[in-house]
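Structure file start_28.txt (compact mmCIF, C-alpha atoms) follows.
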# COMPACT_ATOMS: atom_id res chain seq x y z
CA MET J 76 89.24 88.90 86.01
CA GLY J 77 88.31 90.18 89.45
CA LYS J 78 85.09 91.77 90.68
CA ASN J 79 86.82 95.08 91.41
CA ASP J 80 88.22 95.65 87.91
CA ASN J 81 86.05 98.76 87.45
CA GLU J 82 86.98 100.20 90.85
CA LYS J 83 88.88 103.48 90.73
CA ILE J 84 92.45 102.87 91.85
CA ASP J 85 94.20 105.75 93.57
CA ILE J 86 97.37 103.90 94.59
CA SER J 87 99.07 100.86 93.09
CA VAL J 88 101.79 99.29 95.21
CA VAL J 89 104.23 97.34 93.03
CA VAL J 90 106.60 94.89 94.71
CA PRO J 91 109.18 92.78 92.82
CA VAL J 92 109.63 89.58 94.79
CA TYR J 93 112.84 87.57 94.92
CA GLY J 94 114.11 85.43 97.77
CA CYS J 95 111.77 86.43 100.61
CA PRO J 96 108.69 84.13 100.64
CA GLU J 97 108.49 84.32 104.44
CA ALA J 98 107.91 88.08 104.27
CA ILE J 99 104.96 87.97 101.83
CA PRO J 100 102.10 87.51 104.38
CA GLU J 101 103.43 90.32 106.58
CA LEU J 102 104.12 92.53 103.54
CA VAL J 103 100.53 92.13 102.33
CA ARG J 104 99.05 92.57 105.82
CA ARG J 105 100.90 95.82 106.52
CA ASN J 106 100.22 97.29 103.08
CA THR J 107 96.55 96.33 103.24
CA GLU J 108 96.11 97.79 106.69
CA THR J 109 97.86 101.03 105.71
CA LEU J 110 95.95 101.51 102.45
CA GLN J 111 92.56 100.67 103.98
CA ASN J 112 93.14 103.21 106.74
CA MET J 113 93.84 105.82 104.06
CA GLY J 114 90.40 105.24 102.55
CA VAL J 115 91.69 105.11 98.97
CA GLY J 116 91.13 102.72 96.10
CA TYR J 117 94.17 100.48 95.99
CA GLU J 118 95.83 97.40 94.58
CA ILE J 119 98.94 95.51 95.64
CA ILE J 120 100.82 93.97 92.72
CA LEU J 121 103.35 91.27 93.61
CA VAL J 122 105.67 90.15 90.81
CA ASP J 123 107.40 86.79 91.25
CA ASP J 124 110.84 86.97 89.62
CA ARG J 125 111.27 83.18 89.68
CA ASP J 126 113.58 82.80 92.65
CA GLY J 127 112.90 79.05 93.00
CA MET J 128 112.41 79.50 96.76
CA GLY J 129 108.64 79.19 96.98
CA SER J 130 107.77 82.87 96.61
CA TRP J 131 105.07 82.21 94.00
CA ASP J 132 103.20 79.85 96.33
CA ALA J 133 103.17 82.54 99.03
CA ILE J 134 102.07 85.22 96.55
CA LYS J 135 99.36 83.03 95.05
CA LYS J 136 97.92 82.27 98.48
CA GLU J 137 97.59 85.97 99.28
CA ALA J 138 96.08 86.81 95.86
CA LEU J 139 93.44 84.07 96.10
CA ALA J 140 92.44 85.34 99.55
CA ASP J 141 92.09 89.03 98.57
CA GLU J 142 91.19 90.46 95.16
CA HIS J 143 93.07 93.66 95.96
CA VAL J 144 96.25 91.60 95.78
CA LYS J 145 97.30 91.08 92.15
CA ALA J 146 99.88 88.43 91.26
CA ILE J 147 102.22 88.08 88.29
CA SER J 148 104.60 85.18 87.79
CA LEU J 149 107.37 85.48 85.20
CA THR J 150 108.64 82.50 83.22
CA ARG J 151 112.26 83.15 84.15
CA ASN J 152 114.40 85.30 86.40
CA CYS J 153 114.66 88.64 84.60
CA GLY J 154 115.99 90.90 87.33
CA GLN J 155 114.41 93.52 89.56
CA ASP J 156 114.08 96.17 86.85
CA LYS J 157 112.13 93.86 84.52
CA ALA J 158 109.93 92.66 87.40
CA ILE J 159 109.13 96.28 88.25
CA THR J 160 108.34 96.88 84.57
CA ALA J 161 105.84 94.00 84.62
CA GLY J 162 104.17 95.36 87.76
CA VAL J 163 104.09 98.99 86.63
CA THR J 164 102.70 97.94 83.23
CA ALA J 165 99.80 96.17 84.92
CA ALA J 166 99.18 98.95 87.47
CA ARG J 167 96.00 101.02 87.12
CA GLY J 168 96.53 103.52 89.94
CA ASP J 169 96.85 107.28 89.55
CA TRP J 170 99.97 106.95 91.72
CA ILE J 171 102.47 104.09 91.71
CA VAL J 172 104.43 103.10 94.82
CA THR J 173 107.37 100.70 94.47
CA MET J 174 109.18 99.00 97.33
CA ASP J 175 111.35 95.98 98.08
CA CYS J 176 109.79 92.76 99.34
CA ASP J 177 111.92 92.37 102.47
CA LEU J 178 110.09 95.11 104.45
CA GLN J 179 113.15 97.31 104.80
CA ASP J 180 110.79 99.86 103.23
CA ALA J 181 107.98 100.40 105.76
CA PRO J 182 104.49 100.42 104.15
CA GLU J 183 103.30 102.66 107.01
CA ASN J 184 105.09 105.58 105.31
CA ILE J 185 102.86 105.46 102.21
CA PRO J 186 100.28 107.98 103.60
CA MET J 187 103.04 110.52 104.20
CA LEU J 188 104.50 109.99 100.72
CA TYR J 189 101.04 110.28 99.14
CA GLU J 190 100.30 113.50 101.00
CA LYS J 191 103.68 115.11 100.23
CA VAL J 192 103.74 114.27 96.52
CA ARG J 193 100.31 115.85 96.02
CA GLU J 194 100.83 118.75 98.39
CA GLN J 195 104.09 119.75 96.68
CA GLU J 196 102.66 119.03 93.19
CA LEU J 197 105.45 116.59 92.35
CA ASP J 198 105.58 113.79 89.81
CA VAL J 199 108.14 111.80 91.74
CA LEU J 200 108.98 111.55 95.44
CA ILE J 201 111.92 109.27 96.26
CA VAL J 202 112.94 107.96 99.67
CA ARG J 203 116.51 108.40 100.86
CA ARG J 204 117.42 105.36 102.96
CA HIS J 205 118.72 107.03 106.10
CA ASP J 206 120.75 104.82 108.45
CA ARG J 207 121.02 101.95 105.98
CA LYS J 208 121.34 98.50 107.54
CA ASP J 209 123.90 97.30 104.96
CA SER J 210 127.47 96.45 105.95
CA ALA J 211 130.18 99.13 105.84
CA ILE J 212 131.86 97.57 102.78
CA VAL J 213 128.53 97.43 100.89
CA GLN J 214 127.85 101.08 101.70
CA LEU J 215 131.37 102.07 100.65
CA LEU J 216 131.11 100.25 97.30
CA SER J 217 127.62 101.65 96.72
CA LYS J 218 128.81 105.18 97.44
CA ALA J 219 131.81 104.78 95.11
CA PHE J 220 129.64 103.41 92.28
CA HIS J 221 127.12 106.22 92.52
CA LYS J 222 129.87 108.85 92.50
CA VAL J 223 131.25 107.36 89.29
CA PHE J 224 127.75 106.86 87.88
CA SER J 225 126.75 110.46 88.62
CA TYR J 226 129.79 111.69 86.68
CA LEU J 227 129.43 109.35 83.72
CA SER J 228 125.65 109.65 83.37
CA GLU J 229 125.47 113.37 84.23
CA LEU J 230 122.70 112.51 86.72
CA ASP J 231 122.95 113.68 90.31
CA PHE J 232 122.29 110.28 91.86
CA ASP J 233 122.54 109.84 95.64
CA TYR J 234 123.71 106.39 96.77
CA GLU J 235 121.04 106.41 99.51
CA LEU J 236 118.23 106.41 96.94
CA GLY J 237 116.53 103.07 96.49
CA THR J 238 113.42 101.45 95.08
CA TYR J 239 111.01 103.00 97.59
CA LEU J 240 109.20 105.90 95.90
CA ILE J 241 105.88 107.22 94.67
CA ALA J 242 105.40 108.45 91.09
CA SER J 243 102.57 109.79 88.95
CA LYS J 244 100.96 107.68 86.23
CA ARG J 245 102.34 109.91 83.47
CA ALA J 246 105.91 109.38 84.70
CA THR J 247 105.51 105.61 84.99
CA ASP J 248 103.75 105.37 81.61
CA LEU J 249 106.82 106.98 80.03
CA TYR J 250 108.97 104.34 81.71
CA VAL J 251 106.74 101.53 80.44
CA HIS J 252 106.83 102.71 76.84
CA THR J 253 110.57 103.37 76.70
CA LYS J 254 112.55 100.72 74.86
CA GLY J 255 115.83 99.32 76.08
CA GLN J 256 117.08 96.57 78.36
CA GLY J 257 118.64 98.81 81.03
CA ARG J 258 115.60 99.89 83.04
CA ASP J 259 116.56 101.03 86.53
CA PHE J 260 113.26 102.57 87.68
CA THR J 261 114.64 105.20 90.07
CA MET J 262 117.40 106.34 87.71
CA PHE J 263 114.93 106.60 84.84
CA LEU J 264 112.52 108.77 86.82
CA LEU J 265 115.40 111.10 87.74
CA TRP J 266 116.44 111.24 84.09
CA THR J 267 112.96 112.34 82.90
CA GLY J 268 113.38 115.75 84.50
CA TYR J 269 109.86 115.67 85.95
CA LYS J 270 109.41 117.70 89.13
CA LYS J 271 110.81 115.57 91.92
CA GLY J 272 111.42 115.61 95.65
CA PHE J 273 113.18 113.55 98.29
CA VAL J 274 112.36 112.47 101.82
CA ASP J 275 114.66 110.87 104.41
CA LEU J 276 113.39 107.71 106.11
CA GLU J 277 115.09 105.08 108.22
CA HIS J 278 116.04 101.89 106.43
CA GLU J 279 114.49 99.13 108.53
CA THR J 280 115.96 95.73 109.33
CA ARG J 281 115.30 93.03 106.73
CA PHE J 282 112.25 90.97 107.78
CA ALA J 283 113.32 87.80 105.97
CA GLY J 284 115.69 86.53 103.30
CA LYS J 285 119.04 87.98 102.26
CA SER J 286 120.24 90.21 99.49
CA SER J 287 120.58 88.45 96.13
CA TYR J 288 123.08 91.03 94.89
CA THR J 289 126.49 89.41 95.10
CA PHE J 290 129.61 91.44 94.36
CA GLY J 291 129.70 90.06 90.81
CA ARG J 292 126.06 90.99 90.20
CA LYS J 293 126.66 94.47 91.58
CA VAL J 294 129.57 94.98 89.16
CA GLU J 295 127.48 93.68 86.26
CA TYR J 296 124.62 95.97 87.23
CA ALA J 297 126.95 98.95 87.54
CA ILE J 298 128.41 98.41 84.05
CA ARG J 299 124.96 97.97 82.53
CA ALA J 300 123.60 101.08 84.25
CA MET J 301 126.51 103.30 83.23
CA THR J 302 126.47 102.17 79.59
CA THR J 303 122.68 102.39 79.33
CA PHE J 304 122.11 105.89 80.67
CA SER J 305 125.01 107.66 79.00
CA ASN J 306 127.63 107.42 76.24
CA ARG J 307 130.10 109.38 78.35
CA VAL J 308 131.96 106.16 79.15
CA LEU J 309 133.15 106.17 75.53
CA TYR J 310 135.11 109.34 76.22
CA VAL J 311 137.18 107.77 79.00
CA PRO J 312 139.55 105.88 76.61
CA VAL J 313 139.89 109.10 74.59
CA TYR J 314 141.03 111.00 77.67
CA VAL J 315 143.37 108.20 78.76
CA GLY J 316 144.79 107.96 75.24
CA ALA J 317 145.37 111.72 75.10
CA ILE J 318 147.14 111.68 78.48
CA SER J 319 149.27 108.73 77.34
CA ALA J 320 150.20 110.50 74.11
CA ILE J 321 151.21 113.63 76.01
CA GLY J 322 153.22 111.51 78.44
CA SER J 323 154.98 109.75 75.54
CA LEU J 324 155.78 113.09 73.91
CA ILE J 325 157.27 114.40 77.15
CA TYR J 326 159.34 111.22 77.47
CA ILE J 327 160.64 111.56 73.87
CA ILE J 328 161.66 115.17 74.55
CA PHE J 329 163.41 114.00 77.73
CA VAL J 330 165.31 111.31 75.77
CA LEU J 331 166.38 113.78 73.06
CA ILE J 332 167.60 116.32 75.60
CA SER J 333 169.47 113.59 77.48
CA TRP J 334 171.06 112.41 74.23
CA ALA J 335 172.09 115.95 73.33
CA MET J 336 173.64 116.43 76.77
CA HIS J 337 175.34 113.02 76.61
CA VAL J 338 173.39 111.78 79.61
CA ALA J 339 172.75 108.03 79.82
CA ASN J 340 169.22 107.06 78.80
CA PRO J 341 167.20 104.24 80.37
CA GLU J 342 167.76 101.07 78.37
CA GLY J 343 166.49 97.51 78.39
CA TRP J 344 163.24 95.66 77.80
CA ASN J 345 161.49 96.81 81.02
CA THR J 346 160.49 100.18 79.58
CA LEU J 347 159.40 98.61 76.30
CA ALA J 348 157.42 95.86 78.05
CA ALA J 349 155.65 98.37 80.31
CA ALA J 350 154.65 100.48 77.29
CA VAL J 351 153.39 97.44 75.36
CA PHE J 352 151.32 96.13 78.26
CA PHE J 353 149.91 99.58 79.03
CA PHE J 354 148.82 100.40 75.50
CA GLY J 355 147.71 96.82 74.88
CA GLY J 356 145.48 96.97 77.95
CA LEU J 357 144.17 100.37 76.88
CA ILE J 358 143.26 99.07 73.42
CA LEU J 359 141.52 95.99 74.83
CA SER J 360 139.60 98.13 77.34
CA THR J 361 138.49 100.47 74.56
CA LEU J 362 137.32 97.53 72.46
CA GLY J 363 135.50 96.16 75.50
CA VAL J 364 133.62 99.42 76.06
CA LEU J 365 132.68 99.55 72.38
CA GLY J 366 131.56 95.93 72.59
CA ILE J 367 129.26 96.68 75.52
CA TYR J 368 127.57 99.51 73.64
CA ILE J 369 127.22 97.36 70.52
CA GLY J 370 125.73 94.64 72.72
CA ASN J 371 123.18 97.13 74.06
CA ILE J 372 122.22 98.04 70.48
CA PHE J 373 121.97 94.34 69.61
CA ASP J 374 119.63 93.69 72.56
CA VAL J 375 117.30 96.46 71.41
CA ALA J 376 117.49 95.35 67.75
CA LYS J 377 116.38 91.80 68.65
CA GLU J 378 113.09 93.25 69.95
CA ARG J 379 112.63 90.40 72.38
CA PRO J 380 110.09 90.96 75.17
CA LEU J 381 111.53 92.30 78.40
CA TYR J 382 109.71 89.56 80.30
CA ILE J 383 107.22 86.77 79.67
CA VAL J 384 104.29 86.20 82.02
CA GLN J 385 103.65 82.64 83.15
CA GLU J 386 100.54 83.28 85.25
CA ARG J 387 98.40 86.20 86.43
CA ILE J 388 95.83 86.38 89.22
CA ASN J 389 93.19 89.08 89.80
CA LEU J 390 94.30 91.05 86.76
CA PRO J 391 92.28 92.07 83.66
CA ASN J 392 93.36 91.35 80.10
CA GLU J 393 97.11 91.01 79.85
CA LYS J 394 99.14 94.08 78.92
CA ASN J 395 102.67 93.53 77.51

Now that the file is in, can you turn its structure into structure tokens?
Amino acid sequence: MGKNDNEKIDISVVVPVYGCPEAIPELVRRNTETLQNMGVGYEIILVDDRDGMGSWDAIKKEALADEHVKAISLTRNCGQDKAITAGVTAARGDWIVTMDCDLQDAPENIPMLYEKVREQELDVLIVRRHDRKDSAIVQLLSKAFHKVFSYLSELDFDYELGTYLIASKRATDLYVHTKGQGRDFTMFLLWTGYKKGFVDLEHETRFAGKSSYTFGRKVEYAIRAMTTFSNRVLYVPVYVGAISAIGSLIYIIFVLISWAMHVANPEGWNTLAAAVFFFGGLILSTLGVLGIYIGNIFDVAKERPLYIVQERINLPNEKN
């Protein structure tokens, strides 16, 4: 337990850390300098998501050198959303700032975010990543996913929105106490309906490390997000089935008219095979969607902890 446990905290900066140990000293230095210049009570919470690349050693060194730096190490890699959950749960600030560890989100913008969110009486202020430094294919896939996600989840979600944001304690407390494995922080805050705003900032060049989100992980994340935030995906097979049934009915009418007019009808196994494969694929897809939703229910029913803490530095009694 640190000496400053009774200090009033105005801003808690929560950073999930994965794959960028080289950036930690600079991340802490820039955040510390920014927050000290603001003259507010602050804490910087770094959550090690067990990347196996030495991030915990870098985090621990910073935490032992400054009690304003709080450190949490998880027992296993749980993903960014669970790491954010661990950090937000431990945060004591009236306002919570989240950002990535690679310094593509500039800490120097925190004063502006803090001023705007209070001035406009918002609960959430989210940064739009203007001029993103991702490749064209990554941006295209991201844009496509968020278009589909916005439709299926009925949330107006901009693909340029990221982890960098500031939110009130009441909004983040709701996030902490909500059950469920799918826990995208930004999407959840949008879903709450709390008064929100957006600000455009340039997405800076990555200081160190590389993105851990491979194409496969992005697809997995997309499926989890869409099936967690809405049940609208379940209606897709219904629509496809209805369209198929109408198409089949039209085809039957066409065959009957052709027969009545003594016109040759298409024959052979090609038509039959196409129909079997189409409807077989449709049935399997429907079962797959149902399976995903049942799996989500199963995950909640198990009531396993979202994360397990291995070690904590400069933090009071553990909160889980």

Counting all atoms listed in the file, which residues of region 251-279 of chain J fall within 9 Å of region 191-201 of chain J, and what is the closest atom pair for each with its distance in Å at one decimal, ordered by chain and rising number, as JSON lines?
{"residue": "J:Thr261", "atom": "CA", "partner": "J:Ile201", "partner_atom": "CA", "distance": 7.9}
{"residue": "J:Leu264", "atom": "CA", "partner": "J:Val199", "partner_atom": "CA", "distance": 7.3}
{"residue": "J:Leu265", "atom": "CA", "partner": "J:Val199", "partner_atom": "CA", "distance": 8.3}
{"residue": "J:Tyr269", "atom": "CA", "partner": "J:Asp198", "partner_atom": "CA", "distance": 6.1}
{"residue": "J:Lys270", "atom": "CA", "partner": "J:Leu197", "partner_atom": "CA", "distance": 5.2}
{"residue": "J:Lys271", "atom": "CA", "partner": "J:Val199", "partner_atom": "CA", "distance": 4.6}
{"residue": "J:Gly272", "atom": "CA", "partner": "J:Leu200", "partner_atom": "CA", "distance": 4.7}
{"residue": "J:Phe273", "atom": "CA", "partner": "J:Ile201", "partner_atom": "CA", "distance": 4.9}
{"residue": "J:Val274", "atom": "CA", "partner": "J:Ile201", "partner_atom": "CA", "distance": 6.4}
{"residue": "J:Asp275", "atom": "CA", "partner": "J:Ile201", "partner_atom": "CA", "distance": 8.7}

*Kindly give the distance, in Å, that separates CA of Thr280 (chain J) and CA of Gly129 (chain J), rounded to a single decimal.*
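CA of Gly129 (chain J) lies 21.9 Å from CA of Thr280 (chain J).
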
*asked:* What's around Gly237 (chain J) at 10 Å? Count all atoms listed in the file, leave out sequence neighbours fewer than 4 positions away in its own chain, and write the answer as a list in words.
replied: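 Once the nearby chain positions are removed, what remains is Thr173, Met174, Asp175, Asp180, Ile201, Val202, Arg203, Arg204, Asp233, Phe260, Thr261 and Met262 of chain J.
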
Compile a residue-level contact table for region 137-185 of chain J against region 81-85 of chain J at a cut-off of 9 Å, reporting for every qualifying residue the shortest atom pair and its distance in Å to one decimal, with all atoms listed in the file counted, rows ordered by chain and ascending number, as a Markdown table.
| residue | atom | partner | partner_atom | distance |
| --- | --- | --- | --- | --- |
| J:Ala166 | CA | J:Ile84 | CA | 8.9 |
| J:Arg167 | CA | J:Ile84 | CA | 6.2 |
| J:Gly168 | CA | J:Ile84 | CA | 4.6 |
| J:Asp169 | CA | J:Asp85 | CA | 5.1 |
| J:Trp170 | CA | J:Asp85 | CA | 6.2 |
| J:Ile171 | CA | J:Asp85 | CA | 8.6 |

*In terms of the shortest atom-to-atom distance over only C-alpha atoms, which of J:Gly154, J:Thr164, J:Ala219, J:Ser319 is closest to Thr247 (chain J)?*
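Ranking J:Gly154, J:Thr164, J:Ala219, J:Ser319 by distance to Thr247 (chain J), first place goes to J:Thr164.
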
*Record the distance separating CA of His143 (chain J) and CA of Leu276 (chain J), expressed in Å with one decimal.*
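Separation of CA of His143 (chain J) and CA of Leu276 (chain J): 26.7 Å.
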
_Could you check the closest approach to Trp131 (chain J) for each of J:Cys95, J:Leu215, J:Met113, J:Met336 and tell me which residue wins, using only C-alpha atoms?_
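Closest residue, counting only C-alpha atoms: J:Cys95.
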
*Got a sec: who's within 9 Å of Thr107 (chain J), counting all atoms listed in the file, leaving out chain neighbours fewer than 6 positions off, as a ChimeraX atom specification?*
/J:117-119,143-144,182

*Rank J:Val351, J:Glu142, J:Ile86, J:Ala98 by their smallest atom-to-atom distance to Gly116 (chain J), using only C-alpha atoms, and report the top residue only.*
J:Ile86

*asked:* From the options J:Leu102, J:Ile241, J:Ala158, J:Cys153, which residue's atoms come nearest to Ala133 (chain J), counting all atoms listed in the file?
replied: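 For Ala133 (chain J), the nearest of the given residues is J:Leu102.
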
_So the first atom is CA of Trp266 (chain J) and the second is CA of Ala246 (chain J); what is the distance between them in Å, to one decimal place?_
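The value is 10.7 Å.
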
*Between J:Ile321, J:Tyr93, J:Tyr368, J:Arg387, which has the minimum distance to Ile120 (chain J) (counting only C-alpha atoms)?*
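Ranked by minimum distance to Ile120 (chain J), first place goes to J:Arg387.
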